[in-house]
Structure formats: structure tokens, C-alpha cells
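A.B. asks: Sharing upload-v7.tsv (TSV, C-alpha atoms) below.
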chain	number	residue	atom	x	y	z
A	220	MET	CA	66.30	218.16	19.48
A	221	ALA	CA	65.85	215.62	16.66
A	222	LEU	CA	69.43	216.25	15.56
A	223	SER	CA	70.84	215.53	19.00
A	224	ARG	CA	68.79	212.32	19.24
A	225	ASN	CA	70.05	211.16	15.82
A	226	LEU	CA	73.59	212.11	16.77
A	227	THR	CA	73.25	210.11	20.00
A	228	LEU	CA	72.02	207.05	18.07
A	229	VAL	CA	74.90	207.33	15.58
A	230	LEU	CA	77.47	207.66	18.37
A	231	LEU	CA	75.94	204.75	20.27
A	232	SER	CA	75.99	202.61	17.09
A	233	LEU	CA	79.64	203.51	16.48
A	234	LEU	CA	80.56	202.57	20.04
A	235	ILE	CA	78.84	199.20	19.67
A	236	ILE	CA	80.60	198.52	16.35
A	237	ILE	CA	83.99	199.52	17.80
A	238	GLY	CA	83.36	197.35	20.86
A	239	PHE	CA	82.54	194.25	18.81
A	240	SER	CA	85.45	194.90	16.43
A	241	SER	CA	87.86	195.25	19.34
A	242	TYR	CA	86.61	192.03	20.92
A	243	PHE	CA	87.02	190.00	17.72
A	244	LEU	CA	90.40	191.56	16.96
A	245	TYR	CA	91.59	190.81	20.50
A	246	SER	CA	90.29	187.24	20.54
A	247	SER	CA	91.71	186.45	17.09
A	248	ASN	CA	95.23	187.34	18.23
A	249	HIS	CA	95.13	185.21	21.36
A	250	HIS	CA	95.41	181.48	21.66
A	251	LYS	CA	92.66	179.20	22.81
A	252	MET	CA	92.97	176.11	24.98
A	253	LEU	CA	93.63	172.83	23.17
A	254	SER	CA	91.42	169.85	23.90
A	255	LYS	CA	92.83	166.46	24.90
A	256	ARG	CA	91.48	165.05	21.62
A	257	GLU	CA	93.32	167.69	19.55
A	258	ILE	CA	96.57	166.88	21.35
A	259	ASN	CA	96.03	163.12	20.96
A	260	ASP	CA	95.26	163.50	17.23
A	261	PHE	CA	98.53	165.42	16.78
A	262	ILE	CA	100.46	162.75	18.72
A	263	GLU	CA	98.95	159.91	16.69
A	264	ASP	CA	99.89	161.69	13.48
A	265	LYS	CA	103.50	162.10	14.66
A	266	ARG	CA	103.75	158.46	15.77
A	267	LYS	CA	103.04	157.46	12.15
A	268	SER	CA	106.34	159.13	11.24
A	269	ASN	CA	108.25	156.93	13.75
A	270	LEU	CA	108.57	159.53	16.49
A	271	SER	CA	108.49	158.27	20.03
A	272	ILE	CA	106.41	160.60	22.19
A	273	LEU	CA	107.97	160.77	25.65
A	274	LYS	CA	105.61	163.22	27.35
A	275	GLU	CA	102.96	165.84	26.65
A	276	GLU	CA	101.64	168.64	28.80
A	277	ASN	CA	98.69	170.94	28.20
A	278	ILE	CA	99.43	174.40	29.63
A	279	THR	CA	96.02	175.97	30.22
A	280	SER	CA	97.07	179.28	31.78
A	281	LYS	CA	95.87	182.52	30.23
A	282	PRO	CA	96.72	184.48	28.12
A	283	ASP	CA	98.94	181.90	26.41
A	284	PRO	CA	97.52	178.34	26.56
A	285	HIS	CA	99.55	175.82	24.60
A	286	ALA	CA	100.64	172.18	24.59
A	287	LEU	CA	104.23	170.96	24.89
A	288	ILE	CA	105.19	167.60	23.41
A	289	LEU	CA	108.57	165.98	24.07
A	290	TYR	CA	109.68	163.46	21.45
A	291	LYS	CA	112.66	161.49	20.28
A	292	ASP	CA	113.64	159.48	17.27
A	293	ASN	CA	116.79	157.41	16.69
A	294	THR	CA	119.11	160.42	16.58
A	295	LYS	CA	117.50	163.45	18.21
A	296	LEU	CA	115.40	164.77	21.08
A	297	GLY	CA	113.05	167.72	20.60
A	298	THR	CA	109.79	169.45	21.39
A	299	TYR	CA	106.71	170.62	19.60
A	300	ILE	CA	104.69	173.58	20.82
A	301	LEU	CA	101.04	173.51	19.78
A	302	THR	CA	98.81	176.58	19.86
A	303	LYS	CA	95.23	177.08	18.77
A	304	SER	CA	93.86	180.27	17.29
A	305	ARG	CA	90.85	181.19	15.17
A	306	GLN	CA	92.82	179.94	12.16
A	307	GLY	CA	93.25	176.45	13.67
A	308	ILE	CA	96.03	174.49	15.36
A	309	GLU	CA	99.55	175.70	14.74
A	310	GLU	CA	102.61	173.53	15.31
A	311	HIS	CA	105.98	175.05	16.16
A	312	LYS	CA	109.08	172.90	16.37
A	313	GLY	CA	111.32	173.66	19.32
A	314	ILE	CA	115.04	173.06	19.58
A	315	GLU	CA	116.28	169.59	18.67
A	316	VAL	CA	119.43	168.14	20.24
A	317	PRO	CA	121.35	165.04	19.17
A	318	ILE	CA	120.82	162.07	21.49
A	319	ASP	CA	123.96	161.23	23.48
A	320	LYS	CA	123.38	158.15	25.64
A	321	THR	CA	126.64	158.81	27.51
A	322	LEU	CA	124.91	161.75	29.25
A	323	PRO	CA	122.76	160.84	32.29
A	324	ILE	CA	120.06	163.31	31.22
A	325	GLN	CA	119.48	165.37	28.12
A	326	VAL	CA	117.69	168.68	28.01
A	327	THR	CA	115.94	170.69	25.33
A	328	GLY	CA	113.60	173.66	25.66
A	329	ALA	CA	113.54	177.43	25.94
A	330	LEU	CA	114.09	180.00	28.65
A	331	SER	CA	112.39	182.86	26.79
A	332	GLY	CA	108.65	183.43	26.80
A	333	VAL	CA	107.05	180.81	29.05
A	334	PRO	CA	110.18	178.85	30.11
A	335	TYR	CA	110.05	175.07	29.71
A	336	LEU	CA	112.41	172.12	29.55
A	337	GLY	CA	111.96	168.74	27.95
A	338	ILE	CA	114.11	166.28	29.89
A	339	TYR	CA	115.09	162.76	28.82
A	340	ILE	CA	116.66	160.64	31.58
A	341	THR	CA	118.95	157.99	30.05
A	342	ASN	CA	120.55	156.81	33.30
A	343	ASN	CA	118.47	153.99	34.84
A	344	LYS	CA	120.03	154.51	38.28
A	345	LEU	CA	118.64	158.07	38.36
A	346	ILE	CA	115.19	156.76	37.41
A	347	GLN	CA	115.27	154.03	40.07
A	348	GLU	CA	116.74	156.10	42.92
A	349	GLY	CA	115.47	159.61	42.14
A	350	LYS	CA	112.26	160.86	43.76
A	351	TYR	CA	111.85	164.00	41.66
A	352	ILE	CA	113.39	166.11	38.94
A	353	GLU	CA	113.54	169.85	39.44
A	354	MET	CA	114.47	172.98	37.53
A	355	GLU	CA	115.55	176.02	39.52
A	356	PHE	CA	116.08	179.51	38.16
A	357	GLU	CA	118.53	182.13	39.41
A	358	ASP	CA	115.75	183.92	41.35
A	359	GLY	CA	114.97	180.74	43.34
A	360	THR	CA	111.79	179.80	41.43
A	361	LYS	CA	111.48	176.00	41.24
A	362	VAL	CA	109.38	173.62	39.17
A	363	ARG	CA	109.37	169.98	40.25
A	364	LYS	CA	107.94	166.68	38.98
A	365	ASN	CA	107.96	163.26	40.63
A	366	ILE	CA	109.98	160.59	38.87
A	367	SER	CA	108.15	157.44	37.79
A	368	LEU	CA	109.92	154.12	37.25
A	369	ASP	CA	108.28	153.61	33.84
A	370	GLN	CA	108.94	157.09	32.47
A	371	LYS	CA	112.08	158.60	30.92
A	372	GLY	CA	110.64	161.85	29.54
A	373	TYR	CA	109.53	164.87	31.58
A	374	ILE	CA	108.31	168.37	30.81
A	375	LEU	CA	108.99	171.06	33.38
A	376	SER	CA	107.30	174.37	32.62
A	377	GLU	CA	106.48	177.62	34.27
A	378	LYS	CA	102.83	178.41	33.60
A	379	THR	CA	103.24	182.07	32.66
A	380	THR	CA	105.89	184.38	31.26
A	381	PRO	CA	108.07	185.63	34.15
A	382	GLU	CA	108.54	189.36	34.73
A	383	ALA	CA	112.32	189.11	34.37
A	384	PRO	CA	113.83	187.09	31.51
A	385	ARG	CA	115.50	183.79	32.45
A	386	GLU	CA	119.24	183.56	31.85
A	387	SER	CA	120.00	180.02	33.05
A	388	VAL	CA	118.46	177.07	34.80
A	389	GLN	CA	119.80	174.34	37.07
A	390	VAL	CA	118.36	170.86	36.60
A	391	SER	CA	118.63	168.37	39.46
A	392	VAL	CA	117.53	164.84	40.20
A	393	LYS	CA	116.95	164.47	43.92
A	394	LYS	CA	116.14	161.78	46.46
A	395	ASP	CA	114.66	163.58	49.45
A	396	SER	CA	117.37	166.15	50.32
A	397	GLN	CA	120.17	164.25	48.52
A	398	VAL	CA	121.20	165.52	45.08
A	399	LEU	CA	121.87	162.59	42.75
A	400	TYR	CA	122.59	164.71	39.67
A	401	THR	CA	122.75	168.42	38.90
A	402	ASN	CA	123.83	170.55	35.95
A	403	GLU	CA	123.33	174.14	34.81
A	404	TYR	CA	122.01	174.98	31.37
Produce C-alpha cells that represent the structure in this file.
C.D. replies:
Amino acid sequence: MALSRNLTLVLLSLLIIIGFSSYFLYSSNHHKMLSKREINDFIEDKRKSNLSILKEENITSKPDPHALILYKDNTKLGTYILTKSRQGIEEHKGIEVPIDKTLPIQVTGALSGVPYLGIYITNNKLIQEGKYIEMEFEDGTKVRKNISLDQKGYILSEKTTPEAPRESVQVSVKKDSQVLYTNEY
């Protein structure tokens, strides 16, 4: 009887150790939510290197919280993706595209993982007349943001990874039901 009691205690101890180990292993591989201060500190650091920050968005959805930052300099438009893990804040540079002011809008981003677009509107008429900017995927899913007269940069993002991978996206600037601009990427 003493052997079975000792065996029970050993098994119970092993289960507790495995449980705690699993929890810490699981939580160390997943990202944590970034605070507004952490995002602002990153932005201030980047502004020192002459980057113009157009827009930032903190995506707080689980299991993949992250921050998206749309920036430009004199020649290019790009994004940073910030994540936070037990090791600290990690910065990942997204795709950069050369700035072409002859285009009414410019787009950077990714359709894999959690799809997002960083959009820079260079056409003042679209800013003044447009009510919202929208991205629409082939399955009909839409993400929309209102256009502000004092803002040229926008981040449109799905909040989670879709079940089916995204192949393309249509970006439109609309005024009520009227399409002022549209293009597929």
C-alpha cells in the first residue's frame, strides 16, 4: 500500500511538472499584445532616422497580436510588423515599394498569414471626395476604413488568418455607392 501511495505521488508530481512545462513552452512561442507605449517608442526611434510614419495599427486578436506600421521616406513606402514575445519586441520589415507619385494610390503589404495592406493615397481628389477605402477579397470578405481629409496613409487588415489563403485583393476608394478608384493587386 505504501508503494502505491508513493507511486501516486510521483505520478502526480510528474503531471504537475509536465503541465507547467507545457504552459511555459506554449506561452513562449506565442506573441503577446504590444502596449501603446511600446509602439510609440518604436515610432519615435524610427522618426529619428527620417522616416515619416503614415499610420499604425495594433492588432490585438489572439493567437497572433502584432502592430503594423506604415511608413515612407523620400523614395519608398513600406511596413514594419512588430511582435512581442518572452524575448522582447521583434521588428520585421515588410515589403518596400518605390514611391511613384503618378499613381493615385500605392499599396504594400502581404496576403499570406494575417492579410494586410498599407495604402498611401497620393491623389488629393480621392482624399477630398472619397468617403472610405476598402479591400475586398475573392470570397467577398471586405475590410473598410473611412477616409480623413488630413490623412494619406491607411492600414487595412484582417484580424485573423483566414481558412483559405488569399490570392488577390481589390482596393477601391468609394463615395457612397460610387467607385472613384479601383485596382486589383
A.B. asks: So which one's closest to Lys265 of chain A, A:His285, A:Lys291, A:Lys393, A:Lys303? Using all atoms listed in the file, please.
C.D. replies: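 Closest candidate: A:Lys291.
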A.B. asks: What's the 10 Å shell around Ser268 of chain A, counting all atoms listed in the file, without same-chain residues fewer than 4 positions away, as a list in words?
C.D. replies: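 These residues fall inside the cut-off: Glu263, Asp264 and Asp292 of chain A.
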A.B. asks: Hey, which bits of segment 255-354 of chain A sit within 10 Å of segment 381-391 of chain A, and for each residue what's the closest pair of atoms and how far apart in Å (one decimal), counting all atoms listed in the file, rows by chain and increasing number, as JSON lines?
C.D. replies:
{"residue": "A:Ile324", "atom": "CA", "partner": "A:Val390", "partner_atom": "CA", "distance": 9.4}
{"residue": "A:Val326", "atom": "CA", "partner": "A:Val390", "partner_atom": "CA", "distance": 8.9}
{"residue": "A:Ala329", "atom": "CA", "partner": "A:Arg385", "partner_atom": "CA", "distance": 9.3}
{"residue": "A:Leu330", "atom": "CA", "partner": "A:Arg385", "partner_atom": "CA", "distance": 5.5}
{"residue": "A:Ser331", "atom": "CA", "partner": "A:Pro384", "partner_atom": "CA", "distance": 6.5}
{"residue": "A:Gly332", "atom": "CA", "partner": "A:Pro381", "partner_atom": "CA", "distance": 7.7}
{"residue": "A:Val333", "atom": "CA", "partner": "A:Pro381", "partner_atom": "CA", "distance": 7.1}
{"residue": "A:Pro334", "atom": "CA", "partner": "A:Arg385", "partner_atom": "CA", "distance": 7.6}
{"residue": "A:Leu336", "atom": "CA", "partner": "A:Val390", "partner_atom": "CA", "distance": 9.3}
{"residue": "A:Ile338", "atom": "CA", "partner": "A:Val390", "partner_atom": "CA", "distance": 9.2}
{"residue": "A:Gly349", "atom": "CA", "partner": "A:Ser391", "partner_atom": "CA", "distance": 9.7}
{"residue": "A:Tyr351", "atom": "CA", "partner": "A:Ser391", "partner_atom": "CA", "distance": 8.4}
{"residue": "A:Ile352", "atom": "CA", "partner": "A:Ser391", "partner_atom": "CA", "distance": 5.7}
{"residue": "A:Glu353", "atom": "CA", "partner": "A:Ser391", "partner_atom": "CA", "distance": 5.3}
{"residue": "A:Met354", "atom": "CA", "partner": "A:Val390", "partner_atom": "CA", "distance": 4.5}
A.B. asks: Have a look at atom CA of Ser304 of chain A and atom CA of Leu270 of chain A and let me know their distance in Å, one decimal.
C.D. replies: 25.4 Å
A.B. asks: Show me, as a list in words, the residues that have an atom within 12 Å of Lys394 of chain A when counting only C-alpha atoms, minus same-chain residues fewer than 2 positions from it.
C.D. replies: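 Answer for this query is Lys344, Leu345, Ile346, Gln347, Glu348, Gly349, Lys350, Tyr351, Ile352, Glu353, Asn365, Ile366, Ser391, Val392, Ser396, Gln397, Val398, Leu399 and Tyr400 of chain A.
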A.B. asks: Mind checking which residues fall within 7 Å of segment 294-297 of chain A, counting all atoms listed in the file, ignoring those fewer than 4 positions away in the same chain, and posting them as a ChimeraX atom specification?
C.D. replies: /A:289-290,313-318,327
A.B. asks: Those selected residues, please, written with C-alpha atoms and delivered as a short mmCIF file (atom, residue, chain, number, x, y, z; two decimals), in the frame of the given file.
C.D. replies:
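result_20.cif written:
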data_model
loop_
_atom_site.label_atom_id
_atom_site.label_comp_id
_atom_site.auth_asym_id
_atom_site.auth_seq_id
_atom_site.Cartn_x
_atom_site.Cartn_y
_atom_site.Cartn_z
CA LEU A 289 108.57 165.98 24.07
CA TYR A 290 109.68 163.46 21.45
CA GLY A 313 111.32 173.66 19.32
CA ILE A 314 115.04 173.06 19.58
CA GLU A 315 116.28 169.59 18.67
CA VAL A 316 119.43 168.14 20.24
CA PRO A 317 121.35 165.04 19.17
CA ILE A 318 120.82 162.07 21.49
CA THR A 327 115.94 170.69 25.33
#
A.B. asks: For each of A:Met252, A:Asn343, A:Thr401, A:Ile258, take the minimum atom-to-atom distance to Leu368 of chain A, counting all atoms listed in the file, then give the residue where this is smallest.
C.D. replies: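 With all atoms listed in the file as the atom set, the closest residue is A:Asn343.
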A.B. asks: Please, what distance in Å, to one decimal, runs between atom CA of Lys371 of chain A and atom CA of Leu253 of chain A?
C.D. replies: 24.6 Å
A.B. asks: Nearest to Asp283 of chain A among A:Ser254, A:Ile262, A:Thr379, A:Tyr373, with distances taken over only C-alpha atoms: which residue is it?
C.D. replies: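 Looking at the shortest contact to Asp283 of chain A, the residue is A:Thr379.
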A.B. asks: Can you work out which one of A:Ser367, A:Ser271, A:Ser376, A:Arg266 has the shortest atom-to-atom distance to Ala286 of chain A, counting all atoms listed in the file?
C.D. replies: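 Answer, going by the shortest atom-to-atom distance: A:Ser376.
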A.B. asks: Please output segment 342-365 of chain A, rebuilt to include N, CA and C atoms, as an mmCIF file, keeping the file's coordinate frame.
C.D. replies:
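The resulting file, part-v2.cif, is reproduced below:
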data_model
loop_
_atom_site.group_PDB
_atom_site.id
_atom_site.type_symbol
_atom_site.label_atom_id
_atom_site.label_comp_id
_atom_site.auth_asym_id
_atom_site.auth_seq_id
_atom_site.Cartn_x
_atom_site.Cartn_y
_atom_site.Cartn_z
ATOM 1 N N ASN A 342 119.872 157.578 32.269
ATOM 2 C CA ASN A 342 120.550 156.810 33.300
ATOM 3 C C ASN A 342 119.507 156.096 34.169
ATOM 4 N N ASN A 343 119.469 154.766 34.090
ATOM 5 C CA ASN A 343 118.470 153.990 34.840
ATOM 6 C C ASN A 343 118.616 154.134 36.341
ATOM 7 N N LYS A 344 119.823 154.335 36.833
ATOM 8 C CA LYS A 344 120.030 154.510 38.280
ATOM 9 C C LYS A 344 119.305 155.772 38.768
ATOM 10 N N LEU A 345 119.347 156.831 37.979
ATOM 11 C CA LEU A 345 118.640 158.070 38.360
ATOM 12 C C LEU A 345 117.129 157.839 38.385
ATOM 13 N N ILE A 346 116.631 157.056 37.439
ATOM 14 C CA ILE A 346 115.190 156.760 37.410
ATOM 15 C C ILE A 346 114.795 155.927 38.621
ATOM 16 N N GLN A 347 115.601 154.933 38.962
ATOM 17 C CA GLN A 347 115.270 154.030 40.070
ATOM 18 C C GLN A 347 115.431 154.690 41.440
ATOM 19 N N GLU A 348 116.447 155.533 41.601
ATOM 20 C CA GLU A 348 116.740 156.100 42.920
ATOM 21 C C GLU A 348 116.157 157.501 43.114
ATOM 22 N N GLY A 349 115.957 158.243 42.019
ATOM 23 C CA GLY A 349 115.470 159.610 42.140
ATOM 24 C C GLY A 349 114.005 159.686 42.535
ATOM 25 N N LYS A 350 113.664 160.640 43.363
ATOM 26 C CA LYS A 350 112.260 160.860 43.760
ATOM 27 C C LYS A 350 111.614 161.915 42.868
ATOM 28 N N TYR A 351 112.399 162.946 42.510
ATOM 29 C CA TYR A 351 111.850 164.000 41.660
ATOM 30 C C TYR A 351 112.947 164.674 40.863
ATOM 31 N N ILE A 352 112.508 165.299 39.779
ATOM 32 C CA ILE A 352 113.390 166.110 38.940
ATOM 33 C C ILE A 352 112.921 167.546 39.083
ATOM 34 N N GLU A 353 113.874 168.466 39.117
ATOM 35 C CA GLU A 353 113.540 169.850 39.440
ATOM 36 C C GLU A 353 114.361 170.800 38.564
ATOM 37 N N MET A 354 113.722 171.889 38.157
ATOM 38 C CA MET A 354 114.470 172.980 37.530
ATOM 39 C C MET A 354 114.370 174.169 38.459
ATOM 40 N N GLU A 355 115.500 174.853 38.641
ATOM 41 C CA GLU A 355 115.550 176.020 39.520
ATOM 42 C C GLU A 355 116.222 177.164 38.777
ATOM 43 N N PHE A 356 115.549 178.327 38.822
ATOM 44 C CA PHE A 356 116.080 179.510 38.160
ATOM 45 C C PHE A 356 116.894 180.339 39.135
ATOM 46 N N GLU A 357 117.630 181.306 38.593
ATOM 47 C CA GLU A 357 118.530 182.130 39.410
ATOM 48 C C GLU A 357 117.802 182.927 40.491
ATOM 49 N N ASP A 358 116.507 183.178 40.326
ATOM 50 C CA ASP A 358 115.750 183.920 41.350
ATOM 51 C C ASP A 358 115.159 182.994 42.418
ATOM 52 N N GLY A 359 115.458 181.692 42.344
ATOM 53 C CA GLY A 359 114.970 180.740 43.340
ATOM 54 C C GLY A 359 113.667 180.048 42.966
ATOM 55 N N THR A 360 113.023 180.448 41.875
ATOM 56 C CA THR A 360 111.790 179.800 41.430
ATOM 57 C C THR A 360 112.102 178.356 41.036
ATOM 58 N N LYS A 361 111.272 177.420 41.526
ATOM 59 C CA LYS A 361 111.480 176.000 41.240
ATOM 60 C C LYS A 361 110.230 175.382 40.629
ATOM 61 N N VAL A 362 110.453 174.442 39.718
ATOM 62 C CA VAL A 362 109.380 173.620 39.170
ATOM 63 C C VAL A 362 109.848 172.180 39.337
ATOM 64 N N ARG A 363 108.980 171.346 39.881
ATOM 65 C CA ARG A 363 109.370 169.980 40.250
ATOM 66 C C ARG A 363 108.330 168.971 39.777
ATOM 67 N N LYS A 364 108.816 167.803 39.342
ATOM 68 C CA LYS A 364 107.940 166.680 38.980
ATOM 69 C C LYS A 364 108.472 165.413 39.627
ATOM 70 N N ASN A 365 107.566 164.562 40.084
ATOM 71 C CA ASN A 365 107.960 163.260 40.630
ATOM 72 C C ASN A 365 108.451 162.365 39.505
#
